[in-house]
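Data first, discussion second: the structure below is written as structure tokens.
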2 protein chains.
Amino acid sequence: MTKSARLSEVAKLAGVSPGLVSRLINDDPRLKIRDETRKRVESAIEMLQYTPHASARALRSSQTGLLGFALYHVTDPIYAQMVENAEAAATAAGYSLVLLNASELAANPDALRRLAQGRRVDGLLIQGGYAQAHSSLQVANTMPTVLFNADPLPGFRTVRLDDAGAAALATRHLIELGHSRIAFVGAEGSSSERRYQGYLTAMVEAGLSSHPPIDGGWEADTARAVTERHFGNRAAVTGLVVVSTTSALGVHAGLIAAGLRVGHDVSLVSIHDTWFAPHLSPALTVAAMPLGDLGRVAVEMLLEQIRDRGEGEVILDSPATRIVHRASSARPADEDPR
Amino acid sequence: MTKSARLSEVAKLAGVSPGLVSRLINDDPRLKIRDETRKRVESAIEMLQYTPHASARALRSSQTGLLGFALYHVTDPIYAQMVENAEAAATAAGYSLVLLNASELAANPDALRRLAQGRRVDGLLIQGGYAQAHSSLQVANTMPTVLFNADPLPGFRTVRLDDAGAAALATRHLIELGHSRIAFVGAEGSSSERRYQGYLTAMVEAGLSSHPPIDGGWEADTARAVTERHFGNRAAVTGLVVVSTTSALGVHAGLIAAGLRVGHDVSLVSIHDTWFAPHLSPALTVAAMPLGDLGRVAVEMLLEQIRDRGEGEVILDSPATRIVHRASSARPADEDPR
DNA sequence: GGCGAGAGCCGCAACGATATAACGTGATAC
DNA sequence: GTATCACGTTATATCGTTGCGGCTCTCGCC
């Protein structure tokens, strides 16, 4: 029991050829086999506790059963949620995820080549932003790739959420509550820009004058600092739409530190729901997008591409976005309700 | 350029045999080669953009360069932080991490066999709790394994943090502020038990009477519900030590919901620091343990074991634990300060 | 009874790399 | 001048699977 069994040993024990055992294991559709023989082989497999050798199989069939998953920060709760669902989807299809550091891939183009050309994985899932970098373009031809949360790039499949729609929804939520002076706290990157566009759409359609975006960054720390600086004591607006829950946490803290009452002096809505949003005090109102679906769909698209070698770009704008109304947003206090 | 180059093609271009190229790439210490030949080979590699084929190499050398990393929840910010550092340590050593779902491994013992016996990875990192399950014991003999945040198990290498020490530190922090009625909010599992022991130690050494642990669970939701139920309006204690930041968030919310002022009526300290702890209002005081180190050390221990086939168990109790004092803890309001 | 048609199974040749033994050279020693 | 040896380099044997062509029976049928 110290050394695991080989396919040939199974074959010998069952009194058949290795090839037959292999075809049985991979249930080759055009395999004709007598029931008695099948049973014999199966019990030999059982007896020897046979498990196919992954590397040998990978070499021969040139399929590793691995998908590379490149992220900038696993610690970002938004993406952690996506990872969880992507992992589940991959496992369900018999694949595993290899965690990759997107920043490192971007910094070191050889690393990407090693992955793709060395056939270490069967496909790549890459977080947006990075994929826009030049070096990855070459990879596209040699390996199935899906970009998520990225601007569509010719030749790549892309999957992303309805950023503009969610931001518009969040903005409309504040407008419906009676707010008219509403600002958008954004960050760098195309997804923030799309969300700002959504904010603009909602403001224009309500006939309200919009503000230029406030850059708070993606991190809570920076968002907090910017908020404190921006809103020291006086609130120029009564409503804020924040680009992400992570930075909304910073805005939340910054407003309180500046002596403003969240959900009273200033109403706050952020994009993306996370597990901590309901537990802030006051709890955070959010425009929730189906992040889990993003992970699942990204994996499914990649697998489809691996199987069919399908070309062409696909953009998935999920319609499942909805407002989760919590205490951080309310009717404006110091304005006449409409 | 459509098909990537083989080792043999490099050899042919350089006018040498494949074996020589292989030994040069893997810098075999007992390889003697003329400088001129080396240059010729190297430029051939460069010219053909040669990259070793991962599966072929894995089959022949029986080393995949992959480490399995089994977690229960990637979304837990505590472990997310660990993953990030583990990934960095693995990459630095030329390895990659394969993300595994610990719950699924536990539920389905065949999955573990497939991994270990199928030689899909070179080693396994397994989150505690799961490893205690029976099925994993067999794996220990066939594959290098390191358990993290787990009780030491004979035959396994284990790495964990100084749970008891951190809890004692947190408790002493409250005692030093002048609190005497202090309770511990815990959860299921051995790490919570160790932390409760630390709480007891500190209480006993201060001559204070301790309370039985309050079970708040690991999640913010459950901790919040338990807190609201437990502390409806009246505070039986003035200080709380909470088993983890995640559940502390729930306790924080629950106290506020119950009408109690955190950092005033009740002081709160939790174990583990995370990115959101400073941004709660009031900000959370924590006993910070070096989570990043945990990830790094776990990987390093595993690699060591892979190389040396070293046996024996090692328990790392990191001494770097420290208190980060924020607004959620203060001198008790309704008691005489000592 | 001979022939064709499958059904059922076998065996060889890769897949791309690496480890090891074997092999040619010169140079050195006797 | 032959034996010895060190130094480079090559040839060959795997590693464990899978894909493919082909071989051998057993039947059915004219």
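Ligands are numbered from 1 in the order shown, chains are lettered A, B, ... in the order of the structure tokens, and residues start at 1 in each chain.
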
Inset, instruction - Can you check which residues of segment 138-320 of chain A DSSP gives as helix (DSSP H, G or I) on the backbone and send them as a PyMOL selection string? - result: chain A and resi 138-142+163-177+190-205+220-230+245-257+277-279+291-308

Could you dump the residues just selected with C-alpha atoms as a short mmCIF file (atom, residue, chain, number, x, y, z; two decimals), in the first residue's frame?
data_model
loop_
_atom_site.label_atom_id
_atom_site.label_comp_id
_atom_site.auth_asym_id
_atom_site.auth_seq_id
_atom_site.Cartn_x
_atom_site.Cartn_y
_atom_site.Cartn_z
CA GLN A 138 0.03 37.46 -27.23
CA VAL A 139 -1.34 34.90 -24.84
CA ALA A 140 -4.80 35.19 -26.27
CA ASN A 141 -3.84 33.20 -29.32
CA THR A 142 -2.27 30.37 -27.44
CA ASP A 163 -21.84 48.85 -13.49
CA ALA A 164 -23.68 51.77 -15.01
CA GLY A 165 -27.06 50.27 -14.23
CA ALA A 166 -26.18 49.67 -10.59
CA ALA A 167 -24.90 53.20 -10.14
CA ALA A 168 -27.99 54.62 -11.80
CA LEU A 169 -30.16 52.51 -9.52
CA ALA A 170 -28.27 53.74 -6.47
CA THR A 171 -28.60 57.35 -7.59
CA ARG A 172 -32.29 57.00 -8.33
CA HIS A 173 -32.77 55.54 -4.89
CA LEU A 174 -31.47 58.74 -3.36
CA ILE A 175 -33.47 60.89 -5.74
CA GLU A 176 -36.64 59.03 -4.85
CA LEU A 177 -35.93 59.67 -1.19
CA SER A 190 -12.85 51.82 -16.09
CA SER A 191 -15.40 50.19 -13.81
CA SER A 192 -15.51 53.35 -11.73
CA GLU A 193 -15.95 55.38 -14.88
CA ARG A 194 -18.85 53.23 -15.98
CA ARG A 195 -20.45 53.71 -12.60
CA TYR A 196 -19.98 57.44 -12.82
CA GLN A 197 -21.75 57.37 -16.17
CA GLY A 198 -24.66 55.60 -14.50
CA TYR A 199 -24.78 58.28 -11.85
CA LEU A 200 -24.82 60.95 -14.56
CA THR A 201 -27.63 59.22 -16.42
CA ALA A 202 -29.84 59.18 -13.34
CA MET A 203 -29.06 62.78 -12.46
CA VAL A 204 -29.78 64.02 -15.97
CA GLU A 205 -32.99 62.08 -16.28
CA ALA A 220 -11.18 52.23 2.86
CA ASP A 221 -8.17 54.14 4.18
CA THR A 222 -7.91 56.51 1.26
CA ALA A 223 -11.65 56.98 0.96
CA ARG A 224 -11.82 57.92 4.59
CA ALA A 225 -9.04 60.47 4.35
CA VAL A 226 -10.58 62.06 1.27
CA THR A 227 -13.98 62.18 2.90
CA GLU A 228 -12.71 63.83 6.05
CA ARG A 229 -10.88 66.40 4.00
CA HIS A 230 -13.82 67.03 1.70
CA THR A 245 -18.48 48.83 -0.52
CA THR A 246 -14.86 48.77 0.51
CA SER A 247 -14.39 52.46 -0.04
CA ALA A 248 -17.90 53.14 1.26
CA LEU A 249 -16.71 51.81 4.58
CA GLY A 250 -14.06 54.51 4.57
CA VAL A 251 -16.54 57.18 3.55
CA HIS A 252 -18.86 56.02 6.31
CA ALA A 253 -16.09 56.34 8.89
CA GLY A 254 -14.92 59.64 7.43
CA LEU A 255 -18.36 61.23 7.60
CA ILE A 256 -18.77 60.19 11.23
CA ALA A 257 -15.31 61.47 12.04
CA ALA A 277 -22.54 46.06 5.01
CA PRO A 278 -25.53 45.26 7.27
CA HIS A 279 -23.39 45.43 10.40
CA LEU A 291 -21.04 38.82 -7.65
CA GLY A 292 -21.36 35.10 -7.16
CA ASP A 293 -22.83 34.78 -10.63
CA LEU A 294 -19.86 36.66 -12.01
CA GLY A 295 -17.51 33.96 -10.75
CA ARG A 296 -19.68 31.15 -11.94
CA VAL A 297 -20.34 32.64 -15.36
CA ALA A 298 -16.68 33.47 -15.90
CA VAL A 299 -15.72 29.86 -15.28
CA GLU A 300 -18.50 28.52 -17.45
CA MET A 301 -17.52 30.80 -20.30
CA LEU A 302 -13.95 29.69 -20.02
CA LEU A 303 -14.84 26.01 -20.03
CA GLU A 304 -17.03 26.54 -23.05
CA GLN A 305 -14.13 28.17 -24.80
CA ILE A 306 -11.80 25.34 -23.85
CA ARG A 307 -14.15 22.77 -25.28
CA ASP A 308 -15.27 24.54 -28.42
#

Inset, instruction - Provide as a list in words the residues of chain B at most 8 Å from chain C, counting only C-alpha atoms (C1' of nucleotides). - result: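 Here they are: Arg6, Leu7, Gly19, Ser22, His53, Ala56, Arg57, Arg60 and Ser61 of chain B.
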
Inset, instruction - Using only C-alpha atoms (C1' of nucleotides), determine which residues lie at most 9 Å from Ser103 of chain A, disregarding the query and same-chain residues fewer than 5 positions distant; provide the list as a ChimeraX atom specification. - result: /A:70-73,108,130

Residues just named, written with C-alpha atoms as a CSV table (one decimal), in the first residue's frame:
chain,number,residue,atom,x,y,z
A,70,ALA,CA,-5.5,36.0,-11.7
A,71,LEU,CA,-6.5,38.5,-9.1
A,72,TYR,CA,-5.0,41.7,-7.7
A,73,HIS,CA,-6.1,41.3,-4.1
A,108,ASN,CA,6.7,40.0,-15.2
A,130,TYR,CA,-4.3,43.9,-16.0

Legend entry - Which of segment 144-261 of chain A DSSP labels strand (DSSP E), written as a ChimeraX atom specification: /A:145-148,157-159,182-186,214-215,239-242
